[in-house]
Every structure is written in structure tokens, then in C-alpha cells.
>>> print(open('run_30.txt').read())   # compact mmCIF, C-alpha atoms (C1' of nucleotides)
# COMPACT_ATOMS: atom_id res chain seq x y z
CA MET A 1 0.00 0.00 0.00
CA THR A 2 1.14 3.53 -0.75
CA ALA A 3 -0.71 5.51 1.90
CA THR A 4 -3.89 4.72 3.82
CA PRO A 5 -6.08 2.95 1.29
CA ASN A 6 -9.06 2.62 3.61
CA ALA A 7 -10.41 5.61 5.44
CA PHE A 8 -13.55 7.66 5.93
CA LYS A 9 -14.64 11.26 5.60
CA ILE A 10 -17.42 12.86 7.53
CA TYR A 11 -18.86 16.22 6.51
CA ILE A 12 -21.23 18.05 8.83
CA ARG A 13 -22.98 21.09 7.41
CA LEU A 14 -25.30 23.48 9.20
CA LEU A 15 -28.01 24.81 6.93
CA HIS A 16 -29.91 28.04 7.07
CA ASP A 17 -32.73 28.36 4.60
CA CYS A 18 -31.22 25.81 2.21
CA ASP A 19 -27.71 27.23 2.06
CA ILE A 20 -24.72 26.26 4.11
CA ALA A 21 -24.18 28.50 7.11
CA LEU A 22 -21.26 26.45 8.40
CA GLY A 23 -19.30 23.47 7.14
CA PRO A 24 -15.76 22.11 7.05
CA GLY A 25 -14.46 24.75 4.66
CA LYS A 26 -16.08 27.66 6.46
CA ALA A 27 -14.79 26.43 9.82
CA ASP A 28 -11.28 26.33 8.40
CA LEU A 29 -11.86 29.76 6.96
CA LEU A 30 -12.77 31.17 10.36
CA GLU A 31 -9.43 29.98 11.69
CA ALA A 32 -7.58 31.38 8.70
CA ILE A 33 -9.25 34.75 9.12
CA GLU A 34 -8.37 34.85 12.79
CA GLN A 35 -4.80 33.90 12.01
CA HIS A 36 -4.23 36.33 9.14
CA GLY A 37 -6.53 39.20 10.01
CA SER A 38 -7.99 39.74 6.55
CA LEU A 39 -10.13 37.99 3.98
CA SER A 40 -7.59 38.41 1.21
CA ALA A 41 -4.76 36.96 3.29
CA ALA A 42 -6.97 34.10 4.37
CA ALA A 43 -7.87 33.42 0.75
CA LYS A 44 -4.21 33.33 -0.20
CA ALA A 45 -3.36 31.05 2.73
CA MET A 46 -6.14 28.63 1.81
CA ASP A 47 -5.30 28.94 -1.88
CA ILE A 48 -8.83 29.79 -2.92
CA SER A 49 -10.19 32.89 -4.60
CA TYR A 50 -11.04 36.02 -2.63
CA ARG A 51 -14.41 35.88 -4.32
CA ARG A 52 -15.15 32.54 -2.81
CA VAL A 53 -13.97 33.57 0.62
CA TRP A 54 -16.22 36.57 0.52
CA ALA A 55 -19.21 34.42 -0.44
CA MET A 56 -18.47 32.05 2.42
CA VAL A 57 -18.30 34.90 4.90
CA GLU A 58 -21.54 36.26 3.49
CA ALA A 59 -23.24 32.89 3.98
CA MET A 60 -21.89 32.54 7.53
CA ASN A 61 -22.91 36.03 8.58
CA ASN A 62 -26.29 35.59 6.95
CA GLY A 63 -26.97 32.31 8.72
CA PHE A 64 -26.49 33.43 12.30
CA ARG A 65 -28.21 35.99 14.49
CA GLU A 66 -25.06 38.09 14.52
CA PRO A 67 -22.05 38.09 12.19
CA LEU A 68 -19.34 35.51 12.80
CA VAL A 69 -16.86 37.68 10.92
CA ALA A 70 -16.51 41.44 11.26
CA THR A 71 -15.00 43.32 8.34
CA ALA A 72 -13.53 46.82 8.42
CA HIS A 73 -12.53 49.41 5.86
CA GLY A 74 -9.74 51.94 6.07
CA GLY A 75 -6.77 52.23 8.37
CA ALA A 76 -3.09 52.03 7.64
CA LYS A 77 -3.58 48.49 6.42
CA GLY A 78 -6.66 49.50 4.45
CA GLY A 79 -9.01 47.38 6.48
CA GLY A 80 -9.23 43.82 7.67
CA ALA A 81 -11.45 41.14 9.13
CA SER A 82 -11.76 39.45 12.49
CA VAL A 83 -13.73 36.66 14.07
CA THR A 84 -16.38 37.89 16.48
CA PRO A 85 -17.00 36.38 19.93
CA LEU A 86 -20.04 34.61 18.48
CA GLY A 87 -17.80 33.35 15.71
CA HIS A 88 -15.40 31.88 18.21
CA GLU A 89 -18.20 30.27 20.16
CA VAL A 90 -19.81 28.73 17.08
CA LEU A 91 -16.46 27.50 15.84
CA ARG A 92 -15.74 25.89 19.20
CA LEU A 93 -19.11 24.12 19.23
CA TYR A 94 -18.63 22.95 15.66
CA ARG A 95 -15.14 21.60 16.33
CA THR A 96 -16.41 19.72 19.37
CA LEU A 97 -19.18 18.21 17.29
CA GLN A 98 -16.70 17.29 14.57
CA THR A 99 -14.40 15.58 17.02
CA GLU A 100 -17.12 13.53 18.65
CA ALA A 101 -18.62 12.54 15.32
CA ASN A 102 -15.19 11.55 14.09
CA ASP A 103 -14.58 9.38 17.16
CA LEU A 104 -17.97 7.75 16.77
CA THR A 105 -17.35 7.04 13.10
CA LEU A 106 -13.90 5.68 13.81
CA ARG A 107 -15.34 3.18 16.28
CA HIS A 108 -17.89 1.97 13.74
CA PHE A 109 -15.35 1.97 10.95
CA GLU A 110 -13.26 -0.59 12.79
CA HIS A 111 -16.09 -3.05 12.19
CA ILE A 112 -16.47 -2.21 8.51
CA LYS A 113 -12.81 -1.91 7.59
CA PRO A 114 -12.15 -5.69 7.69
CA LEU A 115 -14.81 -6.11 5.01
CA MET A 116 -13.02 -3.75 2.65
CA LYS A 117 -10.19 -4.49 0.29
CA ALA A 118 -6.81 -4.10 1.90
CA ASP A 119 -4.80 -3.36 -1.28
CA MET B 120 -40.92 30.28 7.70
CA THR B 121 -41.82 28.04 4.80
CA ALA B 122 -40.27 24.75 5.86
CA THR B 123 -37.41 24.05 8.26
CA PRO B 124 -35.01 26.94 7.82
CA ASN B 125 -32.42 25.58 10.20
CA ALA B 126 -31.17 22.06 9.84
CA PHE B 127 -28.03 20.05 9.35
CA LYS B 128 -26.70 17.48 6.95
CA ILE B 129 -24.13 14.86 7.75
CA TYR B 130 -22.39 12.90 5.02
CA ILE B 131 -20.28 9.89 5.93
CA ARG B 132 -18.21 8.39 3.14
CA LEU B 133 -16.06 5.28 3.26
CA LEU B 134 -13.00 5.58 1.07
CA HIS B 135 -11.01 2.93 -0.67
CA ASP B 136 -7.86 4.13 -2.33
CA CYS B 137 -9.12 7.71 -2.65
CA ASP B 138 -12.50 6.93 -4.17
CA ILE B 139 -15.81 6.51 -2.41
CA ALA B 140 -16.65 2.90 -1.71
CA LEU B 141 -19.80 3.77 0.19
CA GLY B 142 -21.71 6.97 0.91
CA PRO B 143 -25.25 8.26 1.27
CA GLY B 144 -26.09 7.89 -2.43
CA LYS B 145 -24.61 4.42 -2.75
CA ALA B 146 -26.41 3.24 0.38
CA ASP B 147 -29.70 4.44 -1.09
CA LEU B 148 -28.76 2.75 -4.33
CA LEU B 149 -28.27 -0.58 -2.60
CA GLU B 150 -31.81 -0.38 -1.28
CA ALA B 151 -33.16 0.64 -4.67
CA ILE B 152 -31.40 -2.29 -6.33
CA GLU B 153 -32.80 -4.71 -3.80
CA GLN B 154 -36.25 -3.28 -4.24
CA HIS B 155 -36.30 -3.19 -8.03
CA GLY B 156 -34.01 -6.05 -8.97
CA SER B 157 -32.05 -4.28 -11.69
CA LEU B 158 -29.66 -1.39 -12.17
CA SER B 159 -31.78 0.26 -14.85
CA ALA B 160 -34.93 0.13 -12.74
CA ALA B 161 -33.02 1.46 -9.73
CA ALA B 162 -31.68 4.31 -11.86
CA LYS B 163 -35.17 5.21 -13.00
CA ALA B 164 -36.52 5.04 -9.46
CA MET B 165 -33.75 7.31 -8.15
CA ASP B 166 -34.05 9.56 -11.20
CA ILE B 167 -30.38 9.39 -12.05
CA SER B 168 -28.64 8.09 -15.16
CA TYR B 169 -27.93 4.42 -15.63
CA ARG B 170 -24.37 5.43 -16.32
CA ARG B 171 -24.00 6.91 -12.91
CA VAL B 172 -25.62 3.92 -11.22
CA TRP B 173 -23.23 1.61 -12.95
CA ALA B 174 -20.23 3.66 -11.84
CA MET B 175 -21.49 3.61 -8.27
CA VAL B 176 -21.87 -0.15 -8.33
CA GLU B 177 -18.41 -0.44 -9.82
CA ALA B 178 -16.96 1.67 -7.02
CA MET B 179 -18.77 -0.30 -4.36
CA ASN B 180 -17.78 -3.67 -5.71
CA ASN B 181 -14.23 -2.47 -6.17
CA GLY B 182 -13.92 -1.20 -2.60
CA PHE B 183 -14.87 -4.35 -0.73
CA ARG B 184 -13.37 -7.80 -0.52
CA GLU B 185 -16.37 -9.23 -2.32
CA PRO B 186 -19.02 -7.53 -4.47
CA LEU B 187 -21.92 -5.83 -2.72
CA VAL B 188 -23.99 -6.10 -5.88
CA ALA B 189 -24.21 -9.15 -8.14
CA THR B 190 -25.21 -8.54 -11.75
CA ALA B 191 -26.47 -11.13 -14.22
CA HIS B 192 -26.92 -11.30 -17.97
CA GLY B 193 -29.54 -13.20 -19.92
CA GLY B 194 -32.79 -14.79 -18.90
CA ALA B 195 -36.33 -13.93 -19.87
CA LYS B 196 -35.91 -10.53 -18.30
CA GLY B 197 -32.52 -10.09 -19.91
CA GLY B 198 -30.64 -9.99 -16.68
CA GLY B 199 -30.78 -8.16 -13.38
CA ALA B 200 -28.94 -7.23 -10.23
CA SER B 201 -29.17 -8.17 -6.58
CA VAL B 202 -27.58 -7.21 -3.30
CA THR B 203 -25.23 -9.87 -1.94
CA PRO B 204 -25.19 -11.01 1.71
CA LEU B 205 -22.06 -8.89 2.20
CA GLY B 206 -23.94 -5.99 0.65
CA HIS B 207 -26.73 -6.39 3.15
CA GLU B 208 -24.30 -6.59 6.04
CA VAL B 209 -22.34 -3.52 4.97
CA LEU B 210 -25.54 -1.59 4.38
CA ARG B 211 -26.80 -2.52 7.84
CA LEU B 212 -23.56 -1.38 9.47
CA TYR B 213 -23.59 1.87 7.51
CA ARG B 214 -27.20 2.63 8.40
CA THR B 215 -26.44 2.04 12.07
CA LEU B 216 -23.48 4.40 11.88
CA GLN B 217 -25.60 6.99 10.09
CA THR B 218 -28.31 6.81 12.72
CA GLU B 219 -25.93 7.18 15.63
CA ALA B 220 -24.04 10.02 13.98
CA ASN B 221 -27.32 11.73 13.22
CA ASP B 222 -28.45 11.44 16.83
CA LEU B 223 -25.12 12.78 18.06
CA THR B 224 -25.28 15.70 15.67
CA LEU B 225 -28.87 16.45 16.60
CA ARG B 226 -27.91 16.69 20.27
CA HIS B 227 -25.10 19.13 19.49
CA PHE B 228 -27.25 21.04 17.04
CA GLU B 229 -29.70 21.89 19.80
CA HIS B 230 -26.95 24.01 21.31
CA ILE B 231 -26.05 25.75 18.06
CA LYS B 232 -29.52 26.29 16.66
CA PRO B 233 -30.41 29.11 19.08
CA LEU B 234 -27.42 31.03 17.71
CA MET B 235 -28.75 30.86 14.18
CA LYS B 236 -31.25 33.09 12.49
CA ALA B 237 -34.82 31.92 12.93
CA ASP B 238 -36.23 33.53 9.76
C1' DG C 239 -29.77 -20.66 -32.38
C1' DC C 240 -33.00 -16.61 -32.08
C1' DT C 241 -34.93 -13.27 -28.99
C1' DC C 242 -35.11 -10.02 -25.59
C1' DG C 243 -34.09 -7.02 -22.00
C1' DA C 244 -30.49 -5.73 -19.06
C1' DT C 245 -25.55 -5.03 -18.43
C1' DA C 246 -21.42 -2.71 -20.02
C1' DT C 247 -18.95 1.21 -22.19
C1' DG C 248 -17.67 5.14 -25.36
C1' DT C 249 -18.68 9.89 -26.92
C1' DT C 250 -20.79 14.26 -26.78
C1' DT C 251 -23.43 17.83 -24.73
C1' DC C 252 -24.53 20.83 -21.03
C1' DG C 253 -25.13 23.07 -16.43
C1' DT C 254 -22.73 24.44 -12.58
C1' DC C 255 -19.24 26.33 -9.76
C1' DG C 256 -14.97 28.45 -8.99
C1' DT C 257 -11.36 31.30 -10.82
C1' DG C 258 -9.34 35.36 -12.82
C1' DC C 259 -9.63 39.88 -13.97
C1' DA C 260 -11.39 44.44 -13.61
C1' DT C 261 -13.23 48.07 -10.87
C1' DA C 262 -15.69 50.79 -7.51
C1' DT C 263 -15.74 51.91 -2.68
C1' DC C 264 -14.54 52.70 1.89
C1' DG C 265 -12.27 55.12 5.96
C1' DA C 266 -8.40 55.38 9.52
C1' DA C 267 -3.90 57.25 9.53
C1' DA C 268 -0.28 60.22 8.09
C1' DT D 269 -7.17 65.87 2.39
C1' DT D 270 -4.50 62.65 0.28
C1' DT D 271 -3.07 57.98 0.43
C1' DC D 272 -3.26 53.12 0.60
C1' DG D 273 -4.59 48.51 1.12
C1' DA D 274 -8.52 45.85 1.93
C1' DT D 275 -13.50 45.18 1.26
C1' DA D 276 -17.22 44.71 -2.07
C1' DT D 277 -19.11 43.35 -6.61
C1' DG D 278 -19.75 42.53 -11.63
C1' DC D 279 -18.54 39.63 -15.62
C1' DA D 280 -16.30 36.33 -18.89
C1' DC D 281 -13.76 32.16 -19.15
C1' DG D 282 -12.57 27.38 -18.09
C1' DA D 283 -12.65 22.93 -15.51
C1' DC D 284 -15.37 19.23 -13.94
C1' DG D 285 -19.16 16.18 -13.34
C1' DA D 286 -23.40 14.41 -14.63
C1' DA D 287 -26.76 13.62 -18.28
C1' DA D 288 -28.00 12.28 -22.75
C1' DC D 289 -27.35 9.62 -26.56
C1' DA D 290 -25.52 5.72 -29.02
C1' DT D 291 -24.13 0.97 -29.22
C1' DA D 292 -21.91 -3.36 -28.31
C1' DT D 293 -22.41 -7.47 -25.51
C1' DC D 294 -24.10 -11.03 -22.81
C1' DG D 295 -26.76 -15.44 -21.80
C1' DA D 296 -31.08 -17.95 -19.88
C1' DG D 297 -35.18 -19.33 -22.03
C1' DC D 298 -38.14 -20.45 -25.78
>>> encode(input="run_30.txt", output="C-alpha cells")
Amino acid sequence: MTATPNAFKIYIRLLHDCDIALGPGKADLLEAIEQHGSLSAAAKAMDISYRRVWAMVEAMNNGFREPLVATAHGGAKGGGASVTPLGHEVLRLYRTLQTEANDLTLRHFEHIKPLMKAD
Amino acid sequence: MTATPNAFKIYIRLLHDCDIALGPGKADLLEAIEQHGSLSAAAKAMDISYRRVWAMVEAMNNGFREPLVATAHGGAKGGGASVTPLGHEVLRLYRTLQTEANDLTLRHFEHIKPLMKAD
DNA sequence: GCTCGATATGTTTCGTCGTGCATATCGAAA
DNA sequence: TTTCGATATGCACGACGAAACATATCGAGC
């Protein structure tokens, strides 16, 4: 075998009015925004288009009672973005959910894995 | 609100060598094949192309030690397909995993939902 | 050994989604 | 008040995946 032939992926998405308010990519984006302090830097770090990042932020902010990401114009650096307290809280809850779901799936996967090809 | 504005979706996929051996669509497909007795009928019932159904079956059969779906040529009806005992077993395990993961996510979602827009 | 309906597979068309590029806009700081 | 870098937004192009269409192949039964 070259790497890990048998594995699993689990995607949890929170929906608001039929569009994704939070998912794996948006959770990662929240962390990237916090780390880099701007949408454009986060986009570059994640190697996706600014356009897409902006749409994701839009969807996140639109899905919750208050914005998860606060954006600002002006300043020496021309502006920037930051994760709000609600953003941090939601991210924390989502990561906890992810971890528990992953553990659960891993336990079940141990029973299924022997039935799969080993390669 | 028109329907349920806030909800969640959880997709669990089992991977074999970087392609999906089993996921939500393939699990549904297994049930459709069992119910209708052929790939073409299952495709029609699920309203997807036969081509796609065939590829899904290929991926499933390729990912496990033995086929999950047995196909047959000839006969008065020209052939058909059926779910093997291993197919039934894998499907049962997957459905159990899905149910438990769904319950887990639902419990967590109760804590996140109040933070989302109600519409 | 025909027949028939389903499996098996190639090719082409098409809708969708993301990217890339261009551009307008904003506002704190110098 | 001028500057500067980031936000905000429109639009055309291209990549990818699925559908649609076409067709070859199989083999139990009659």
C-alpha cells in the first residue's frame, strides 16, 4: 500500500434556509481569518479565490443571528477582518461536534474496515 | 418560515484508495437495487442516469473484498442485479453508523440552533 | 440458435461552480 | 485631504461532473 487505502470522511454542514451556514471549509476559513486578520490573506493562505472567501463569509454572517466575521474598511492596512465572539463560540461548538462525530465514526469503521479491500 | 429553515446534513463516506466505496447515495442505491431487482430500474426510481448507477456499483464492488452487488446477464428478463449477503451486512452497518451520527449531531445542534437566524 | 431485455462502455453535450480579472468603494492614519 | 490597502461586486472564461445519446455485448429461455 502507498498511503492509507481505507479511510472515511465525515462532513457536517449546518443549513440556514437551504444554504450552508457552516461546514468544514467555512470552519477552516474562520481559523484562517483569525490567524491572518484579513479575507484576502486568508484566501491566499487557503489557496482559494477572494471571491469565494467573501461568499463564504456572506453565507456565515447571513446564517447566524449576529455576524461571525466582522470586516472593516480603512486604516493604515486599508481594512481587515476578524472573528467575532459569536464566531469563536460557534467555531468551538462545531469543532467539538466534529471531534465527537469523528470518534464515533472511527469506532464503527473498525467493524467495517475488515470487510473492505486491503490493497 | 416556509419549511425548516435551520437544519443540518451529515455525510459519511467510506473511502477505498481515494475513491468513495460507500456513501449516502450508494447506500440508497443498494436499497433501490434490492427493491427493483435491476440497475436500470433502480436508476429510474432514483431519477439518475444508468451510467452513474453503474459507476457507483463499480466503485462499491471495487472497494470491498467481495461484491456488494451481483449482476447477471440473460434470462427472460434479460438480466438483473441483486444485493449480496455482504452488501446487506455492509448496508446494515452503515445505516447504524448513520443513525448514531445523526443522533449525536442532533444533540449538538440543539446548542447551536439558538445562535442561528430563525427567519 | 434466435430473442429479448439488461448489463457494459464510449462519446458528446450541457449546467454548474470556482477562478481570474477588472473596478468601484470605503475610511483610519499620516 | 491625500493615500493606501482591503473590502465589495460585476462579468467572462474554463474545468469538472453528470446527463443524454448511441451501441456493443451477454446469456437464460423459448
>>> calpha_fit_and_write(input="run_30.txt", fixed="chain B", moving="chain A", output="tab-separated table (two decimals) with C-alpha atoms, in the coordinates of the input")
chain	number	residue	atom	x	y	z
A	1	MET	CA	-40.97	30.49	8.07
A	2	THR	CA	-41.82	28.37	5.06
A	3	ALA	CA	-40.27	25.04	6.01
A	4	THR	CA	-37.44	24.22	8.40
A	5	PRO	CA	-35.00	27.08	7.97
A	6	ASN	CA	-32.40	25.66	10.34
A	7	ALA	CA	-31.18	22.13	9.95
A	8	PHE	CA	-28.04	20.09	9.43
A	9	LYS	CA	-26.73	17.51	6.99
A	10	ILE	CA	-24.18	14.89	7.78
A	11	TYR	CA	-22.44	12.93	5.04
A	12	ILE	CA	-20.34	9.90	5.92
A	13	ARG	CA	-18.25	8.42	3.13
A	14	LEU	CA	-16.10	5.32	3.24
A	15	LEU	CA	-13.03	5.64	1.06
A	16	HIS	CA	-11.01	2.99	-0.67
A	17	ASP	CA	-7.85	4.20	-2.33
A	18	CYS	CA	-9.13	7.77	-2.67
A	19	ASP	CA	-12.51	6.98	-4.19
A	20	ILE	CA	-15.81	6.55	-2.45
A	21	ALA	CA	-16.65	2.93	-1.74
A	22	LEU	CA	-19.83	3.81	0.14
A	23	GLY	CA	-21.73	7.00	0.86
A	24	PRO	CA	-25.29	8.28	1.18
A	25	GLY	CA	-26.10	7.90	-2.50
A	26	LYS	CA	-24.61	4.44	-2.82
A	27	ALA	CA	-26.43	3.26	0.31
A	28	ASP	CA	-29.70	4.45	-1.18
A	29	LEU	CA	-28.75	2.75	-4.41
A	30	LEU	CA	-28.26	-0.58	-2.65
A	31	GLU	CA	-31.81	-0.35	-1.36
A	32	ALA	CA	-33.15	0.63	-4.76
A	33	ILE	CA	-31.39	-2.29	-6.40
A	34	GLU	CA	-32.77	-4.70	-3.85
A	35	GLN	CA	-36.24	-3.28	-4.32
A	36	HIS	CA	-36.27	-3.23	-8.12
A	37	GLY	CA	-33.98	-6.09	-9.01
A	38	SER	CA	-32.02	-4.34	-11.74
A	39	LEU	CA	-29.62	-1.46	-12.22
A	40	SER	CA	-31.72	0.16	-14.92
A	41	ALA	CA	-34.88	0.07	-12.82
A	42	ALA	CA	-33.00	1.41	-9.85
A	43	ALA	CA	-31.63	4.23	-11.98
A	44	LYS	CA	-35.11	5.12	-13.15
A	45	ALA	CA	-36.48	4.99	-9.60
A	46	MET	CA	-33.73	7.27	-8.32
A	47	ASP	CA	-34.02	9.48	-11.40
A	48	ILE	CA	-30.34	9.31	-12.23
A	49	SER	CA	-28.60	7.98	-15.31
A	50	TYR	CA	-27.88	4.28	-15.75
A	51	ARG	CA	-24.32	5.30	-16.45
A	52	ARG	CA	-23.97	6.81	-13.05
A	53	VAL	CA	-25.57	3.86	-11.32
A	54	TRP	CA	-23.18	1.53	-13.03
A	55	ALA	CA	-20.20	3.62	-11.93
A	56	MET	CA	-21.45	3.60	-8.36
A	57	VAL	CA	-21.83	-0.16	-8.38
A	58	GLU	CA	-18.36	-0.46	-9.86
A	59	ALA	CA	-16.92	1.69	-7.07
A	60	MET	CA	-18.77	-0.28	-4.38
A	61	ASN	CA	-17.74	-3.66	-5.72
A	62	ASN	CA	-14.19	-2.46	-6.17
A	63	GLY	CA	-13.93	-1.16	-2.63
A	64	PHE	CA	-14.86	-4.30	-0.75
A	65	ARG	CA	-13.34	-7.76	-0.53
A	66	GLU	CA	-16.36	-9.20	-2.32
A	67	PRO	CA	-19.00	-7.52	-4.48
A	68	LEU	CA	-21.90	-5.81	-2.73
A	69	VAL	CA	-23.97	-6.10	-5.89
A	70	ALA	CA	-24.18	-9.15	-8.13
A	71	THR	CA	-25.16	-8.60	-11.75
A	72	ALA	CA	-26.45	-11.23	-14.17
A	73	HIS	CA	-26.94	-11.47	-17.90
A	74	GLY	CA	-29.61	-13.37	-19.78
A	75	GLY	CA	-32.85	-14.92	-18.67
A	76	ALA	CA	-36.40	-14.10	-19.60
A	77	LYS	CA	-35.92	-10.65	-18.14
A	78	GLY	CA	-32.54	-10.30	-19.84
A	79	GLY	CA	-30.61	-10.14	-16.62
A	80	GLY	CA	-30.74	-8.23	-13.38
A	81	ALA	CA	-28.89	-7.27	-10.24
A	82	SER	CA	-29.15	-8.18	-6.59
A	83	VAL	CA	-27.57	-7.20	-3.32
A	84	THR	CA	-25.23	-9.85	-1.94
A	85	PRO	CA	-25.18	-10.98	1.70
A	86	LEU	CA	-22.06	-8.86	2.20
A	87	GLY	CA	-23.94	-5.98	0.63
A	88	HIS	CA	-26.74	-6.36	3.12
A	89	GLU	CA	-24.33	-6.56	6.01
A	90	VAL	CA	-22.38	-3.48	4.94
A	91	LEU	CA	-25.58	-1.55	4.34
A	92	ARG	CA	-26.85	-2.48	7.80
A	93	LEU	CA	-23.61	-1.34	9.44
A	94	TYR	CA	-23.64	1.89	7.47
A	95	ARG	CA	-27.25	2.67	8.36
A	96	THR	CA	-26.52	2.06	12.03
A	97	LEU	CA	-23.56	4.40	11.84
A	98	GLN	CA	-25.67	7.00	10.06
A	99	THR	CA	-28.38	6.83	12.68
A	100	GLU	CA	-26.03	7.18	15.61
A	101	ALA	CA	-24.12	10.01	13.98
A	102	ASN	CA	-27.38	11.75	13.22
A	103	ASP	CA	-28.53	11.43	16.84
A	104	LEU	CA	-25.21	12.74	18.08
A	105	THR	CA	-25.33	15.69	15.72
A	106	LEU	CA	-28.91	16.45	16.65
A	107	ARG	CA	-27.97	16.66	20.32
A	108	HIS	CA	-25.15	19.09	19.57
A	109	PHE	CA	-27.26	21.04	17.13
A	110	GLU	CA	-29.72	21.91	19.87
A	111	HIS	CA	-26.96	24.00	21.42
A	112	ILE	CA	-26.01	25.74	18.18
A	113	LYS	CA	-29.49	26.31	16.78
A	114	PRO	CA	-30.34	29.15	19.22
A	115	LEU	CA	-27.35	31.06	17.86
A	116	MET	CA	-28.67	30.90	14.32
A	117	LYS	CA	-31.17	33.15	12.64
A	118	ALA	CA	-34.72	31.99	13.11
A	119	ASP	CA	-36.22	33.61	9.97
>>> closest_atom_pairs(input="run_30.txt", of="chain B", to="chain D", cutoff="6 Å", atoms="all atoms listed in the file", output="JSON lines")
{"residue": "B:His192", "atom": "CA", "partner": "D:DC294", "partner_atom": "C1'", "distance": 5.6}
{"residue": "B:Gly193", "atom": "CA", "partner": "D:DG295", "partner_atom": "C1'", "distance": 4.0}
{"residue": "B:Gly194", "atom": "CA", "partner": "D:DA296", "partner_atom": "C1'", "distance": 3.7}
{"residue": "B:Ala195", "atom": "CA", "partner": "D:DG297", "partner_atom": "C1'", "distance": 5.9}
>>> closest_residue(input="run_30.txt", among="A:Gly23, A:Pro85, A:Gly63, A:Gly80", to="chain B", atoms="all atoms listed in the file")
A:Gly63
>>> closest_atom_pairs(input="run_30.txt", of="chain A", to="chain C", cutoff="12 Å", atoms="all atoms listed in the file", output="Markdown table")
| residue | atom | partner | partner_atom | distance |
| --- | --- | --- | --- | --- |
| A:Asp47 | CA | C:DT257 | C1' | 11.1 |
| A:Ile48 | CA | C:DT257 | C1' | 8.4 |
| A:Ser49 | CA | C:DT257 | C1' | 6.5 |
| A:Tyr50 | CA | C:DT257 | C1' | 9.5 |
| A:Arg51 | CA | C:DT257 | C1' | 8.5 |
| A:Arg52 | CA | C:DG256 | C1' | 7.4 |
| A:Val53 | CA | C:DG256 | C1' | 10.9 |
| A:Ala55 | CA | C:DG256 | C1' | 11.3 |
| A:Thr71 | CA | C:DC264 | C1' | 11.4 |
| A:Ala72 | CA | C:DG265 | C1' | 8.7 |
| A:His73 | CA | C:DC264 | C1' | 5.5 |
| A:Gly74 | CA | C:DG265 | C1' | 4.1 |
| A:Gly75 | CA | C:DA266 | C1' | 3.7 |
| A:Ala76 | CA | C:DA267 | C1' | 5.6 |
| A:Lys77 | CA | C:DA266 | C1' | 9.0 |
| A:Gly78 | CA | C:DA266 | C1' | 8.0 |
| A:Gly79 | CA | C:DG265 | C1' | 8.4 |
| A:Gly80 | CA | C:DA266 | C1' | 11.7 |
>>> interface_residues(input="run_30.txt", of="chain B", to="chain A", cutoff="8 Å", atoms="all atoms listed in the file", output="VMD selection string")
chain B and resid 123 to 137 181 to 184 209 212 216 220 223 to 224 227 231 234 to 237
>>> atom_distance(input="run_30.txt", atom1="CA of Leu29 (chain A)", atom2="CA of Gly144 (chain B)")
27.7 Å
>>> atom_distance(input="run_30.txt", atom1="CA of Thr203 (chain B)", atom2="CA of Asp222 (chain B)")
28.6 Å
>>> axis_aligned_box(input="run_30.txt", around="region 108-111 of chain A", padding_each_side="3 Å", output="AutoDock Vina command-line options")
--center_x -15.6 --center_y -0.5 --center_z 12.3 --size_x 10.6 --size_y 11.0 --size_z 8.8
>>> atom_distance(input="run_30.txt", atom1="CA of Lys26 (chain A)", atom2="CA of Ala43 (chain A)")
11.5 Å
